[in-house]
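Containing mmCIF, C-alpha atoms: final.cif.
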```
data_protein
loop_
_atom_site.label_atom_id
_atom_site.label_comp_id
_atom_site.auth_asym_id
_atom_site.auth_seq_id
_atom_site.Cartn_x
_atom_site.Cartn_y
_atom_site.Cartn_z
CA MET A 1392 50.56 -72.53 169.60
CA SER A 1393 51.75 -71.15 166.31
CA ASN A 1394 54.46 -72.90 164.34
CA GLU A 1395 55.24 -69.74 162.43
CA SER A 1396 58.94 -69.01 162.84
CA VAL A 1397 60.17 -65.47 163.38
CA SER A 1398 63.33 -64.59 161.52
CA PRO A 1399 65.66 -62.13 163.26
CA MET A 1400 66.80 -61.04 159.81
CA MET A 1401 63.31 -59.87 158.87
CA THR A 1402 62.13 -58.59 162.26
CA ARG A 1403 62.64 -54.93 162.97
CA LEU A 1404 61.85 -52.82 166.01
CA GLU A 1405 59.67 -49.74 165.77
CA GLY A 1406 59.07 -47.06 168.37
CA ASP A 1407 61.31 -45.21 170.79
CA ALA A 1408 64.84 -46.43 171.30
CA PRO A 1409 65.44 -46.86 175.04
CA GLU A 1410 69.22 -46.94 174.60
CA ILE A 1411 69.12 -43.40 173.20
CA LEU A 1412 67.26 -42.20 176.31
CA VAL A 1413 69.74 -44.00 178.55
CA SER A 1414 72.78 -42.64 176.72
CA LEU A 1415 71.39 -39.09 176.77
CA ASP A 1416 70.84 -39.45 180.50
CA ILE A 1417 74.43 -40.70 180.86
CA LEU A 1418 75.57 -37.66 178.84
CA LYS A 1419 73.67 -35.36 181.20
CA ARG A 1420 75.24 -36.99 184.25
CA GLY A 1421 78.66 -36.96 182.60
CA ILE A 1422 78.43 -33.21 182.06
CA LEU A 1423 77.35 -32.77 185.68
CA VAL A 1424 80.27 -34.76 187.03
CA THR A 1425 82.94 -33.28 184.71
CA PRO A 1426 84.01 -30.41 187.02
CA ILE A 1427 84.65 -32.82 189.90
CA ILE A 1428 86.77 -35.19 187.80
CA VAL A 1429 88.67 -32.28 186.25
CA ALA A 1430 89.35 -30.84 189.71
CA VAL A 1431 90.65 -34.18 191.02
CA CYS A 1432 92.88 -34.68 187.96
CA SER A 1433 94.21 -31.13 188.19
CA VAL A 1434 95.25 -31.81 191.80
CA PHE A 1435 97.25 -34.88 190.75
CA ALA A 1436 98.58 -33.82 187.34
CA GLY A 1437 98.11 -30.05 187.13
CA MET A 1438 96.77 -28.29 184.05
CA ASP A 1439 97.79 -31.18 181.79
CA GLY A 1440 95.74 -33.54 183.92
CA ALA A 1441 92.70 -31.27 183.77
CA ILE A 1442 92.81 -31.00 179.98
CA SER A 1443 93.43 -34.74 179.64
CA ALA A 1444 90.46 -35.44 181.90
CA VAL A 1445 88.16 -33.30 179.76
CA TYR A 1446 89.42 -35.11 176.66
CA ALA A 1447 88.89 -38.52 178.31
CA ILE A 1448 85.35 -37.63 179.42
CA ALA A 1449 84.56 -36.48 175.89
CA ILE A 1450 85.86 -39.80 174.52
CA VAL A 1451 83.70 -41.80 176.97
CA LEU A 1452 80.53 -39.79 176.32
CA ILE A 1453 80.92 -39.86 172.54
CA ASN A 1454 81.53 -43.62 172.82
CA PHE A 1455 78.22 -44.07 174.65
CA LEU A 1456 76.35 -41.92 172.15
CA CYS A 1457 77.89 -43.74 169.17
CA ALA A 1458 76.98 -47.15 170.63
CA ALA A 1459 73.39 -46.11 171.28
CA GLY A 1460 72.97 -44.32 167.95
CA LEU A 1461 74.33 -47.25 165.98
CA MET A 1462 71.96 -49.67 167.71
CA ALA A 1463 68.94 -47.40 167.45
CA VAL A 1464 69.42 -46.83 163.71
CA THR A 1465 70.06 -50.47 162.85
CA ALA A 1466 67.19 -51.79 165.03
CA ARG A 1467 64.77 -49.98 162.73
CA ILE A 1468 66.17 -51.94 159.78
CA SER A 1469 66.52 -55.48 161.17
CA LEU A 1470 67.59 -57.36 164.28
CA GLY A 1471 70.31 -59.17 162.35
CA LEU A 1472 71.79 -55.86 161.26
CA MET A 1473 71.62 -54.65 164.85
CA MET A 1474 73.65 -57.67 165.93
CA GLY A 1475 76.24 -56.94 163.25
CA ALA A 1476 76.31 -53.29 164.22
CA ALA A 1477 76.83 -54.17 167.88
CA LEU A 1478 79.77 -56.45 167.12
CA PHE A 1479 81.46 -54.41 164.42
CA GLY A 1480 80.53 -51.24 166.27
CA TYR A 1481 82.58 -52.53 169.19
CA LEU A 1482 85.62 -52.92 166.96
CA LEU A 1483 84.97 -49.58 165.28
CA ARG A 1484 84.62 -47.74 168.57
CA LEU A 1485 87.77 -49.34 170.00
CA GLY A 1486 89.58 -48.26 166.86
CA LEU A 1487 88.24 -44.72 167.15
CA ILE A 1488 89.27 -44.52 170.82
CA PHE A 1489 92.75 -45.75 169.87
CA LEU A 1490 92.92 -43.16 167.10
CA ALA A 1491 91.72 -40.38 169.41
CA VAL A 1492 94.47 -41.19 171.93
CA PHE A 1493 97.12 -41.87 169.26
CA ILE A 1494 96.59 -38.42 167.73
CA VAL A 1495 97.27 -36.59 170.99
CA ARG A 1496 99.88 -38.89 172.56
CA ASP A 1497 102.84 -36.61 171.78
CA THR A 1498 101.19 -33.28 172.48
CA SER A 1499 102.54 -31.16 175.29
CA TRP A 1500 99.29 -31.05 177.29
CA ILE A 1501 98.61 -34.76 177.55
CA SER A 1502 98.95 -36.71 180.78
CA LEU A 1503 98.46 -40.35 179.87
CA GLY A 1504 97.90 -41.42 183.48
CA ALA A 1505 95.10 -38.91 183.97
CA LEU A 1506 93.64 -39.76 180.57
CA GLY A 1507 93.61 -43.52 181.19
CA GLY A 1508 92.37 -43.28 184.76
CA THR A 1509 89.59 -40.90 183.75
CA ILE A 1510 88.48 -43.15 180.89
CA ILE A 1511 88.05 -46.15 183.19
CA ILE A 1512 86.58 -44.31 186.16
CA THR A 1513 84.16 -42.23 184.09
CA HIS A 1514 82.97 -45.17 182.01
CA LEU A 1515 82.35 -47.48 184.97
CA GLY A 1516 81.20 -44.74 187.33
CA LEU A 1517 78.60 -43.35 184.95
CA LEU A 1518 77.28 -46.82 184.18
CA VAL A 1519 76.92 -47.78 187.83
CA TRP A 1520 75.30 -44.41 188.59
CA GLU A 1521 72.90 -44.83 185.68
CA LEU A 1522 71.74 -48.21 186.99
CA LYS A 1523 69.96 -46.33 189.77
CA TYR A 1524 67.74 -44.57 187.22
CA ILE A 1525 67.01 -47.51 184.92
CA SER A 1526 63.60 -49.09 185.03
CA ILE A 1527 63.57 -52.33 183.07
CA SER A 1528 59.84 -52.95 182.90
CA LEU A 1529 57.28 -53.38 180.13
CA ALA A 1530 55.74 -49.97 180.82
CA TYR A 1531 59.05 -48.13 181.14
CA PRO A 1532 61.75 -50.09 179.29
CA GLY A 1533 64.31 -47.31 179.59
CA LEU A 1534 64.50 -44.76 182.35
CA LYS A 1535 62.36 -44.68 185.47
CA PRO A 1536 59.57 -42.14 185.20
CA SER A 1537 60.26 -39.14 187.37
CA ALA A 1538 57.91 -38.62 190.32
CA ARG A 1539 56.37 -35.56 188.65
CA LYS A 1540 55.59 -37.31 185.38
CA SER A 1541 54.21 -40.48 186.95
CA PRO A 1542 50.49 -41.00 186.17
CA THR A 1543 49.89 -42.32 189.71
CA ASN A 1544 50.97 -38.98 191.17
CA GLN A 1545 48.63 -36.88 189.04
CA ARG A 1546 45.60 -35.45 190.83
CA MET B 1288 123.61 -64.58 158.03
CA GLU B 1289 124.65 -65.24 161.61
CA ALA B 1290 127.14 -62.41 161.41
CA LEU B 1291 124.41 -60.03 160.27
CA ILE B 1292 122.26 -61.01 163.23
CA HIS B 1293 125.20 -60.35 165.57
CA ILE B 1294 125.81 -56.96 163.96
CA ALA B 1295 122.14 -56.04 164.23
CA ALA B 1296 122.05 -57.13 167.86
CA ALA B 1297 125.15 -55.10 168.63
CA ALA B 1298 123.74 -52.02 166.90
CA VAL B 1299 120.58 -52.00 169.01
CA ASP B 1300 120.77 -49.84 172.08
CA PRO B 1301 119.60 -51.81 175.18
CA ALA B 1302 117.29 -48.96 176.20
CA ASP B 1303 115.67 -48.98 172.75
CA ALA B 1304 115.35 -52.74 172.83
CA LYS B 1305 113.62 -52.54 176.23
CA LYS B 1306 111.25 -49.89 174.91
CA ALA B 1307 110.49 -51.95 171.81
CA ASN B 1308 109.83 -55.05 173.91
CA ALA B 1309 107.49 -53.06 176.17
CA ALA B 1310 105.59 -51.79 173.13
CA ILE B 1311 105.29 -55.31 171.68
CA GLY B 1312 104.12 -56.68 175.04
CA ALA B 1313 101.59 -53.89 175.45
CA GLY B 1314 100.27 -54.52 171.94
CA PHE B 1315 99.80 -58.21 172.71
CA ALA B 1316 98.14 -57.37 176.03
CA TYR B 1317 95.69 -55.02 174.31
CA GLY B 1318 94.89 -57.60 171.67
CA LEU B 1319 94.28 -60.29 174.28
CA ALA B 1320 92.26 -57.89 176.40
CA ALA B 1321 89.99 -57.12 173.44
CA ILE B 1322 89.27 -60.80 172.64
CA GLY B 1323 87.38 -61.57 175.88
CA PRO B 1324 84.96 -58.64 175.67
CA GLY B 1325 84.46 -59.39 171.97
CA ILE B 1326 83.30 -62.91 172.83
CA GLY B 1327 81.21 -61.55 175.71
CA ILE B 1328 79.50 -58.91 173.56
CA GLY B 1329 78.78 -61.51 170.89
CA TYR B 1330 77.15 -63.75 173.46
CA VAL B 1331 75.12 -60.91 175.04
CA VAL B 1332 73.88 -59.59 171.71
CA GLY B 1333 73.13 -63.05 170.32
CA LYS B 1334 70.98 -63.96 173.31
CA ALA B 1335 69.27 -60.55 173.25
CA ILE B 1336 68.37 -60.93 169.56
CA GLU B 1337 67.02 -64.39 170.29
CA ALA B 1338 64.90 -63.00 173.14
CA MET B 1339 63.61 -60.12 170.98
CA ALA B 1340 62.69 -62.49 168.16
CA ARG B 1341 60.78 -64.72 170.61
CA GLN B 1342 59.05 -61.91 172.48
CA PRO B 1343 58.91 -58.69 170.46
CA GLU B 1344 56.69 -57.05 173.10
CA ALA B 1345 59.59 -57.24 175.58
CA ALA B 1346 62.07 -55.82 173.07
CA GLY B 1347 62.41 -52.50 174.92
CA MET B 1348 63.45 -54.18 178.15
CA VAL B 1349 65.84 -56.48 176.34
CA ARG B 1350 67.41 -53.60 174.41
CA THR B 1351 68.08 -51.63 177.58
CA THR B 1352 69.60 -54.66 179.30
CA MET B 1353 71.66 -55.43 176.20
CA PHE B 1354 72.96 -51.87 175.95
CA LEU B 1355 74.05 -51.89 179.59
CA GLY B 1356 75.58 -55.36 179.20
CA ILE B 1357 77.59 -54.24 176.20
CA ALA B 1358 78.75 -51.11 178.02
CA PHE B 1359 79.87 -53.07 181.09
CA THR B 1360 81.65 -55.66 178.96
CA GLU B 1361 83.36 -52.92 176.99
CA ALA B 1362 84.83 -51.60 180.22
CA LEU B 1363 87.12 -54.66 180.24
CA ALA B 1364 88.46 -53.73 176.83
CA LEU B 1365 88.94 -50.15 177.98
CA ILE B 1366 90.96 -51.36 180.98
CA GLY B 1367 93.19 -53.30 178.56
CA PHE B 1368 93.46 -50.21 176.38
CA VAL B 1369 94.51 -48.04 179.32
CA VAL B 1370 97.20 -50.55 180.30
CA PHE B 1371 98.35 -50.43 176.68
CA ILE B 1372 98.60 -46.64 176.58
CA LEU B 1373 100.37 -46.50 179.91
CA LEU B 1374 102.93 -49.17 178.99
CA GLY B 1375 103.57 -48.97 175.32
CA LEU B 1376 102.02 -46.11 173.39
#
```

Final structure tokens representation of the file:
Amino acid sequence: MSNESVSPMMTRLEGDAPEILVSLDILKRGILVTPIIVAVCSVFAGMDGAISAVYAIAIVLINFLCAAGLMAVTARISLGLMMGAALFGYLLRLGLIFLAVFIVRDTSWISLGALGGTIIITHLGLLVWELKYISISLAYPGLKPSARKSPTNQR
Amino acid sequence: MEALIHIAAAAVDPADAKKANAAIGAGFAYGLAAIGPGIGIGYVVGKAIEAMARQPEAAGMVRTTMFLGIAFTEALALIGFVVFILLGL
């Protein structure tokens, strides 16, 4: 057994970033589900609700992409920096979400109920949906391989 | 000094005072709602970094789990944020 200690400050991760793949998949599913959410919000809050729902979905998807991008970039530098980026990224993203809502709070087309409800439902819904397609294994650390791409299915 | 306080209290419209109190309460609620997820994300990321430093070959798995953990924990902060925008923004 080696006594050599591994410093998280010096260790860096090479290779593909699984969180980027996951967040791009979430983006794809978010775009797919947008018309349904917009239709539901437009039933409850009219045109304002529909526009607010689109805005909320954009906030959620950009939030996912920012989180993944920040982690993927910093992981190539060092694990310690990735930890800092995850923690300060959380604060930064909360601040950006606050700013994004604060800017539009007094506009005529905003429906705060639809905006808030869509933010929560889209964020949680997309995450739970994505869990179905995540394969946390050594061979496939990110997404599950599709049936077509799987080496076991090739003839 | 006491007279000034009385004058200021009399000048404030009760509806405005209620609105201001709601905004202050919502701000506190948002702040408190952000503390818990902050601690949770710190714990998740700290343990993930530890795991990656111990077993770099499993880093991909750990990163995916960490990303999902952060996203789920962040949902709590978003719920607090939505309560804030509905009550006080």

Chain B contacts to chain A at 7 Å (all atoms listed in the file) as a PyMOL selection string: chain B and resi 1328-1329+1332-1333+1336+1340+1345+1347-1348+1350-1351+1354+1362+1365-1366+1369+1373

Proximity to Ala1364 (chain B) - best of B:Ala1320, B:Val1349, B:Gln1342, B:Tyr1330, only C-alpha atoms: B:Ala1320

Let me have the centre and edge lengths of the axis-aligned box enclosing all listed atoms of region 1356-1366 of chain B with 8 Å padding on every side, in Å to one decimal, as lines of an AutoDock Vina configuration file.
```
center_x = 83.3
center_y = -52.9
center_z = 178.6
size_x = 31.4
size_y = 21.5
size_z = 20.9
```

Spatial neighbours of Val1445 (chain A), max dist 8 Å, all atoms listed in the file, sep filter under 3 positions, as a VMD selection string: chain A and resid 1425 1429 1441 to 1442 1448 to 1449

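For the atom pair formed by CA of Val1431 (chain A) and CA of Leu1355 (chain B), the distance is 26.8 Å, given to one decimal.
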
Computed interatomic separation between CA of Met1438 (chain A) and CA of Val1495 (chain A) (Å): 15.5 Å

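Interatomic distance, CA of Ala1436 (chain A) to CA of Ala1505 (chain A): 7.0 Å.
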
Spatial neighbours of Ala1335 (chain B), 7 Å, only C-alpha atoms, chain gap at least 4 places, as a ChimeraX atom specification: /B:1331,1339,1349,1353

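If you measure from each of B:Ala1307, B:Asp1300, B:Ala1316, B:Gly1325 to Ala1358 (chain B) using all atoms listed in the file, the closest one turns out to be B:Gly1325.
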
Non-local contacts of Tyr1317 (chain B) (7 Å; all atoms listed in the file; under 5 positions in same chain excluded) as a ChimeraX atom specification: /B:1367-1368,1371

For Ile1326 (chain B), the nearest of the candidates B:Ala1346, B:Gly1314, B:Ala1338, B:Leu1363, counting all atoms listed in the file: B:Leu1363

Complete region 1509-1541 of chain A at the level of N, CA and C atoms, written as a compact mmCIF listing (two decimals), in the coordinates of the input.
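File part_35.txt, as written:
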```
# COMPACT_ATOMS: atom_id res chain seq x y z
N THR A 1509 90.90 -41.54 183.93
CA THR A 1509 89.59 -40.90 183.75
C THR A 1509 88.70 -41.73 182.83
N ILE A 1510 89.30 -42.32 181.80
CA ILE A 1510 88.48 -43.15 180.89
C ILE A 1510 87.82 -44.29 181.67
N ILE A 1511 88.61 -45.00 182.47
CA ILE A 1511 88.05 -46.15 183.19
C ILE A 1511 87.05 -45.70 184.25
N ILE A 1512 87.45 -44.72 185.05
CA ILE A 1512 86.58 -44.31 186.16
C ILE A 1512 85.28 -43.69 185.65
N THR A 1513 85.38 -42.87 184.61
CA THR A 1513 84.16 -42.23 184.09
C THR A 1513 83.23 -43.26 183.46
N HIS A 1514 83.80 -44.16 182.69
CA HIS A 1514 82.97 -45.17 182.01
C HIS A 1514 82.23 -46.03 183.04
N LEU A 1515 82.99 -46.60 183.98
CA LEU A 1515 82.35 -47.48 184.97
C LEU A 1515 81.46 -46.70 185.93
N GLY A 1516 81.96 -45.54 186.37
CA GLY A 1516 81.20 -44.74 187.33
C GLY A 1516 79.86 -44.29 186.78
N LEU A 1517 79.86 -43.81 185.55
CA LEU A 1517 78.60 -43.35 184.95
C LEU A 1517 77.63 -44.51 184.75
N LEU A 1518 78.17 -45.66 184.38
CA LEU A 1518 77.28 -46.82 184.18
C LEU A 1518 76.64 -47.26 185.49
N VAL A 1519 77.45 -47.34 186.53
CA VAL A 1519 76.92 -47.78 187.83
C VAL A 1519 75.92 -46.75 188.35
N TRP A 1520 76.22 -45.48 188.15
CA TRP A 1520 75.30 -44.41 188.59
C TRP A 1520 73.98 -44.50 187.82
N GLU A 1521 74.09 -44.78 186.52
CA GLU A 1521 72.90 -44.83 185.68
C GLU A 1521 71.98 -45.99 186.06
N LEU A 1522 72.56 -47.05 186.59
CA LEU A 1522 71.74 -48.21 186.99
C LEU A 1522 70.65 -47.82 187.98
N LYS A 1523 70.92 -46.79 188.77
CA LYS A 1523 69.96 -46.33 189.77
C LYS A 1523 68.70 -45.75 189.10
N TYR A 1524 68.85 -45.26 187.88
CA TYR A 1524 67.74 -44.57 187.22
C TYR A 1524 67.12 -45.39 186.08
N ILE A 1525 67.53 -46.64 185.98
CA ILE A 1525 67.01 -47.51 184.92
C ILE A 1525 65.81 -48.29 185.46
N SER A 1526 64.75 -48.29 184.66
CA SER A 1526 63.60 -49.09 185.03
C SER A 1526 63.37 -50.09 183.92
N ILE A 1527 63.73 -51.34 184.14
CA ILE A 1527 63.57 -52.33 183.07
C ILE A 1527 62.22 -53.01 183.29
N SER A 1528 61.18 -52.37 182.78
CA SER A 1528 59.84 -52.95 182.90
C SER A 1528 59.13 -52.78 181.56
N LEU A 1529 57.99 -53.46 181.40
CA LEU A 1529 57.28 -53.38 180.13
C LEU A 1529 56.75 -51.96 179.89
N ALA A 1530 56.29 -51.33 180.96
CA ALA A 1530 55.74 -49.97 180.82
C ALA A 1530 56.83 -48.95 180.56
N TYR A 1531 57.93 -49.09 181.27
CA TYR A 1531 59.05 -48.13 181.14
C TYR A 1531 60.32 -48.93 180.85
N PRO A 1532 60.57 -49.25 179.60
CA PRO A 1532 61.75 -50.09 179.29
C PRO A 1532 63.09 -49.37 179.47
N GLY A 1533 63.05 -48.06 179.47
CA GLY A 1533 64.31 -47.31 179.59
C GLY A 1533 64.51 -46.75 180.98
N LEU A 1534 64.29 -45.44 181.08
CA LEU A 1534 64.50 -44.76 182.35
C LEU A 1534 63.27 -44.84 183.24
N LYS A 1535 63.48 -44.75 184.55
CA LYS A 1535 62.36 -44.68 185.47
C LYS A 1535 61.62 -43.37 185.24
N PRO A 1536 60.29 -43.41 185.34
CA PRO A 1536 59.57 -42.14 185.20
C PRO A 1536 59.85 -41.28 186.43
N SER A 1537 60.02 -39.99 186.21
CA SER A 1537 60.26 -39.14 187.37
C SER A 1537 58.97 -39.01 188.17
N ALA A 1538 59.07 -38.67 189.43
CA ALA A 1538 57.91 -38.62 190.32
C ALA A 1538 56.85 -37.65 189.79
N ARG A 1539 57.32 -36.57 189.14
CA ARG A 1539 56.37 -35.56 188.65
C ARG A 1539 55.57 -36.08 187.44
N LYS A 1540 56.24 -36.86 186.60
CA LYS A 1540 55.59 -37.31 185.38
C LYS A 1540 54.74 -38.56 185.59
N SER A 1541 54.90 -39.22 186.75
CA SER A 1541 54.21 -40.48 186.95
C SER A 1541 52.69 -40.31 186.97
```
